[in-house]
Each structure stands twice: as C-alpha cells, then as structure tokens.
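Participant: Take a look at this one; I'll ask things after.
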Amino acid sequence: MTSEDVTIDSSRARQATTATPARRVVEASVRTATAERVLIWGLAAGLAWVPLWYGSNDLFAWGVNAILFPGLALAYEISILVRGERHPIGIRNVALPAGLFAAVLFWVWLQTVAGVPSTLSHPIWSMTAATLGKPITGSISVNRDFTAQALIELITVASVFWLALQLCRDAARAMFLLRAIAVIVAAYAAWGLAAFALHAGRLPWLESSAGVGYVSSTFINRNSFATYAGMGLVVASAFILQLYRHGGASGYGPWRLRLADFIETTGERGPVLLGCAFLILVALLLSVSRGGIIATGLGLFVLAASTFKRRRRRAAELLETIGFGTVLVAAVFLVFGDAFVGKLGERGLADTNRMAVNALSLRSIRDAPLTGYGLGTFTDIFPLYRDRSISVFGVWEQAHDSYAEIFQGLGLVFGSMLLASVLILVIRCARGMIIRQEHVIFPRVAAACACLVGVHAFVDFSLQIEAIAITFAALLGAGVAQSESSRVLVHD
C-alpha cells in the first residue's frame with residue numbers, strides 16, 4: 001500500500017468520524033418527531049372518542065379512558081427514557097400546582113383506606129356497625145368505591161394535561177391539537193343538529209335523550225353539551241380572529257380596499273372556520289342551556305377583550321372583525337334563539353331547586369369542614385340532609401355546583417388545594433397572553449375556556465363529565481406549554 005493510499009484511507013476515516021455525530025443527531029430528531037407525531041395523533045383520537053359514549057359519563061367509558069390516556073402518558077415517558085432526552089417542560093416549571101395536586105391525590109387515596117383512626121373515620125361506619133350488630137372497618141369516605149373511582153378520574157385528567165403540556169411545547173403540534181378540537185366539536189354539533197332535526201335523540205345504540213326537542217348530541221344532557229360546544233366555539237372564534245388579523249384584511253387604507261381584502265380572505269380560507277363556528281353556535285343555542293350559553297358568552301368576551309388589548313395599533317381592524325362577528329351571531333340568534341329567550345323569560349336566571357340544593361350542600365360542608373365525606377360521594381350524603389325545601393320527587397345525583405361538591409368531598413383544605421392547582425395554571429395562561437408576542441392564541445384560548453367552564457361550574461356539573469374535563473385539560477396543557485417563549489428554557 002502506497003503512502004497516497006494511506007492518506008486517502010485516513011481522510012475517509014476522518015470524514016466518517018466527523019459525519020457520524022451529525023448523522024446521529026439527524027436520526028435522533030427523526031425518531032423524536034415520529035414518536036411525538038404518533039402520540040399527538042393518539043391524543044387527538046382520544047379527544048374524538050371521549051364525547052361519543054354519553055360524554056364519557058358511563059362506567060364503560062371511564063374504564064376505557066383510564067387505560068387510554070394514562071397509557072399514552074406512560075408511552076411518552078418511556079419514549080423519553082429510550083431516546084435519552086429531557087422533558088420539553090420540566091416538572092420544576094409546574095412544581096407548585098403539581099405539588100398541590102399530588103397532595104390532593106394522596107388525600108383522596110387516604111379517604112379510601114379502611115381502618116383509619118376513629119377520629120378520622122366518618123360516624124356513618126360506626127352507626128352501620130351498631131345497626132348490623134357486627135364490626136365494620138371504617139374510612140374517611142362514606143363510599144370507598146365512589147372515591148376510588150374519583151381518584152382514577154383525577155389521574156386520567158391529569159395524564160391528559162401532562163401529555164398536552166409536553167407535546168404542545170412545539171407550536172406546530174399545539175396548532176394541530178387546537179384545530180383537531182375545533183373539528184371534533186363541530187362534528188358532534190353537526191350530529192346533534194341532525195338528531196334534533198330527525199327527533200332521534202342520540203346515537204341509535206344509546207338510550208334516548210330525556211330532553212328530545214333540545215340539542216344534546218351524545219351527552220347525557222343539554223347543559224353538559226352546551227359547555228362542550230362553548231369550548232369548541234371559543235377555539236373556532238380564536239382561529240377566526242387570527243385569520244382576519246393575518247389574512248390580508250388590513251386595518252389601513254380606504255374602506256373599499258379593506259372590504260375587498262375581507263371578502264377575499266373569507267372566500268379563500270374562511271369557509272371551513274366559519275362553517276364550524278356556525279354549526280357549533282346553532283347547536284349551542286338549540287341546547288337552550290341558560291348557564292351554558294351565558295358562560296360561553298363570557299368566554300368569548302374574554303377572548304375578544306384580550307385580542308383587542310393586544311392589537312391597539314390595529315384597533316380598526318379588530319373592531320371591524322368583531323363587529324362583523326357580532327352581526328353574524330345576532331343574526332343566528334334571531335333565527336335559532338327563540339327557545340332560549342322563551343325559557344329565559346319563563347324561568348329567569350335562577351333555579352329555586354338548585355339554590356336549595358346548594359344551601360343543603362353548604363350545611364353538609366359545615367359538618368365535616370376538614371375531612372370531607374370522600375370525593376364523589378354526593379349521592380350518598382345528600383339524602384341525609386335533604387328536607388322540604390326541595391320537592392320530594394326526583395333523585396339528586398349532583399349538586400349542580402362543582403365547587404360545592406369538591407369542598408363536600410375533600411374538605412375545605414384539600415378542596416382549596418385542588419382549585420388552587422388549576423387556578424395557578426390559568427394565571428400562567430393569562431400572563432402568557434399578555435407577554436407573548438407569538439403563538440398567543442394558545443394561552444388566550446385556555447384562559448377564555450377556563451372562564452367558561454369556571455363560571456358554568458357554579459350552576460352545573462359540567463366539569464364532572466369526563467369529555468369536558470379531558471378536553472379542557474388538553475386546552476389548558478397547550479396554553480401553559482405556550483405561555484412562555486420558545487427561547488426560554490423550561491426543560492428539566
């Protein structure tokens with residue numbers, strides 16, 4: 001072998017050595033993109049599934065969700081370990097809400113433990129033992145099975161938030177998730193309208209709706225569907241505002257030019273968005289849910305107000321867009337809002353029975369302010385406090401006030417911790433929609449939807465429907481993930 005051959009071989013070896021690290025980086029990035037693409041599609045498919053079976057308010061659906069979403073989160077964690085990478089958003093960046101939530105999970109588990117000291121055990125267990133004449137092991141919860149089920153539901157929702165938080169640190173995946181949610185909600189709204197038109201209630205293999213004559217789609221009642229549709233309307237409206245802000249409908253120049261730009265943008269990219277928003281809005285109005293429609297209005301107000309504040313230099317553009325949207329909403333309301341207006345005039349805003357139930361729930365909270373009765377046990381506790389302030393007919397399975405049920409089940413301390421863990425995340429989204437210059441749509445949508453579901457939770461149990469809680473958790477995860485600039489390091 002000549003010296004020239006040796007030189008060539010050594011040169012090739014050096015090239016292979018220097019190329020190998022770069023090739024490995026490329027291969028690793030491809031593997032990462034593939035894994036996370038599969039997971040984001042899996043999450044979207046799960047979000048499409050959850051409303052199908054009574055809004056996942058069924059034992060079968062609870063079981064599927066408890067396997068599906070924690071399974072996706074576990075698959076993500078395994079992929080992180082296999083690839084030897086860091087989390088896009090480290091746990092330390094959500095340490096406070098995560099710590100509060102972990103404490104709540106521990107307390108809910110403790111409520112299900114049999115054989116706790118008698119000072120913690122609820123008196124109903126000793127009363128039952130005395131009645132039956134045999135010893136019974138007590139617990140904090142009055143129904144350990146219901147509390148265990150509530151624990152699983154909390155873990156399921158938390159896994160959705162964690163998965164969305166990590167996957168949506170990438171703005172493209174976050175955009176995909178929001179678009180998927182808008183399309184999914186529009187599809188269920190379309191089904192609800194078709195069933196309403198055919199007087200078919202729900203899907204053929206589900207039981208008929210008790211409220212035929214209203215749009216409830218696949219949900220157990222029209223109020224829950226209204227909250228779900230409201231979130232979809234907020235997402236679609238955010239896209240519409242973004243479209244007309246960046247779609248060439250400039251706020252400058254003669255009004256004829258602006259009108260032409262507006263019409264061109266609408267014709268080119270507006271039909272799908274406007275069609276989705278129209279379907280959702282009509283279905284929402286035909287649900288005739290007073291609380292759901294009003295809460296959605298508040299959510300849309302938060303969305304529009306945050307958008308207007310951020311675009312002071314182009315106020316004319318936003319005023320035109322919002323004015324156009326207001327005219328469309330008013331027109332749809334005039335056509336489809338008769339039932340809502342009629343019900344509002346007939347019953348007003350308040351519900352006497354619900355107010356009485358809330359008062360009884362507050363009385364029960366005062367009797368166990370620290371320990372609670374076990375999360376998810378309202379059905380067992382309420383008959384002990386029921387009196388003549390409400391009708392003797394009917395069974396109340398929920399308080400129609402999620403906050404009252406949280407405090408009744410967890411006690412004041414841990415109930416406050418659970419609410420604080422969510423509120424801290426919502427505040428991060430609100431901060432993000434103020435300070436961010438790009439991708440502000442994500443924290444803006446999360447904050448607006450938080451207002452929507454938070455207000456409606458005062459008058460109904462929508463957040464106790466898994467389809468709503470899971471969808472909101474996905475939106476909140478995306479909002480928190482994009483509440484910081486991509487230039488800020490937030491990984492482990």
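By convention in this document, the chains of the structure tokens carry letters A, B, ... by their order, each chain's residues are numbered from 1, and ligands are numbered from 1 in the order they are shown.
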So which residues touch segment 94-98 of chain A within 8 Å, counting only C-alpha atoms, skipping near sequence neighbours fewer than 4 positions away, as a ChimeraX atom specification?
Facilitator: /A:90,102,420-422,424-425
Participant: Residues as selected, N, CA and C atoms, written as a PDB file, in the first residue's frame, can you do that?
Facilitator:
```pdb
ATOM      1  N   GLY A  90     -40.007  20.863  32.142  1.00  0.00           N
ATOM      2  CA  GLY A  90     -39.655  20.095  33.328  1.00  0.00           C
ATOM      3  C   GLY A  90     -40.681  20.240  34.437  1.00  0.00           C
ATOM      4  N   ALA A 102     -50.595  16.675  43.749  1.00  0.00           N
ATOM      5  CA  ALA A 102     -50.121  15.413  44.314  1.00  0.00           C
ATOM      6  C   ALA A 102     -50.625  15.240  45.747  1.00  0.00           C
ATOM      7  N   ALA A 420     -56.745  25.577  43.692  1.00  0.00           N
ATOM      8  CA  ALA A 420     -55.557  26.427  43.537  1.00  0.00           C
ATOM      9  C   ALA A 420     -54.607  25.864  42.491  1.00  0.00           C
ATOM     10  N   SER A 421     -54.495  24.535  42.417  1.00  0.00           N
ATOM     11  CA  SER A 421     -53.593  23.934  41.434  1.00  0.00           C
ATOM     12  C   SER A 421     -54.025  24.275  40.008  1.00  0.00           C
ATOM     13  N   VAL A 422     -55.323  24.339  39.780  1.00  0.00           N
ATOM     14  CA  VAL A 422     -55.825  24.709  38.451  1.00  0.00           C
ATOM     15  C   VAL A 422     -55.724  26.216  38.241  1.00  0.00           C
ATOM     16  N   ILE A 424     -53.620  28.375  39.420  1.00  0.00           N
ATOM     17  CA  ILE A 424     -52.240  28.805  39.151  1.00  0.00           C
ATOM     18  C   ILE A 424     -51.904  28.618  37.677  1.00  0.00           C
ATOM     19  N   LEU A 425     -52.340  27.500  37.113  1.00  0.00           N
ATOM     20  CA  LEU A 425     -52.087  27.242  35.691  1.00  0.00           C
ATOM     21  C   LEU A 425     -52.851  28.228  34.812  1.00  0.00           C
TER      22      LEU A 425
END
```
Participant: So, counting only C-alpha atoms, which residue among A:Cys168, A:Ala150, A:Val288, A:Met127 is closest to Thr112 of chain A?
Facilitator: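 Closest candidate: A:Ala150.
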Participant: For each of A:Ser159, A:Asn221, A:Thr377, A:Gln242, take the minimum atom-to-atom distance to Thr147 of chain A, counting only C-alpha atoms, then give the residue where this is smallest.
Facilitator: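 Among the listed residues, A:Thr377 lies closest to Thr147 of chain A.
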Participant: Would you mind listing what lies within 6 Å of segment 463-467 of chain A as a list in words, with only C-alpha atoms counted and same-chain residues fewer than 5 positions away left out?
Facilitator: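 My reading of the contact set: Val50, Pro51, Gly55, Ser56 and Asn57 of chain A.
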Participant: Take the residues from that selection and write them out as a PDB file, in the first residue's frame, keeping C-alpha atoms.
Facilitator:
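Result written to selection-v3.pdb:
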```pdb
ATOM      1  CA  VAL A  50     -64.476  10.842  24.778  1.00  0.00           C
ATOM      2  CA  PRO A  51     -67.784  12.564  23.870  1.00  0.00           C
ATOM      3  CA  GLY A  55     -69.805  12.271  27.086  1.00  0.00           C
ATOM      4  CA  SER A  56     -67.816   9.535  28.871  1.00  0.00           C
ATOM      5  CA  ASN A  57     -70.261   9.688  31.771  1.00  0.00           C
TER       6      ASN A  57
END
```
Participant: Near Pro383 of chain A, within 10 Å and counting only C-alpha atoms, which residues show up once chain neighbours fewer than 3 positions away are dropped, as JSON, numbers by chain?
Facilitator: {"A": [360, 378, 379, 380, 386, 387, 395, 396, 397]}
Participant: With a distance cut-off of 6 Å and only C-alpha atoms, select the neighbouring residues of His456 of chain A, excluding the residue or stretch itself and same-chain residues fewer than 3 positions from it, and output the selection as a list in words.
Facilitator: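 What passes the distance filter is Gly291, Ala295, Val453 and Val459 of chain A.
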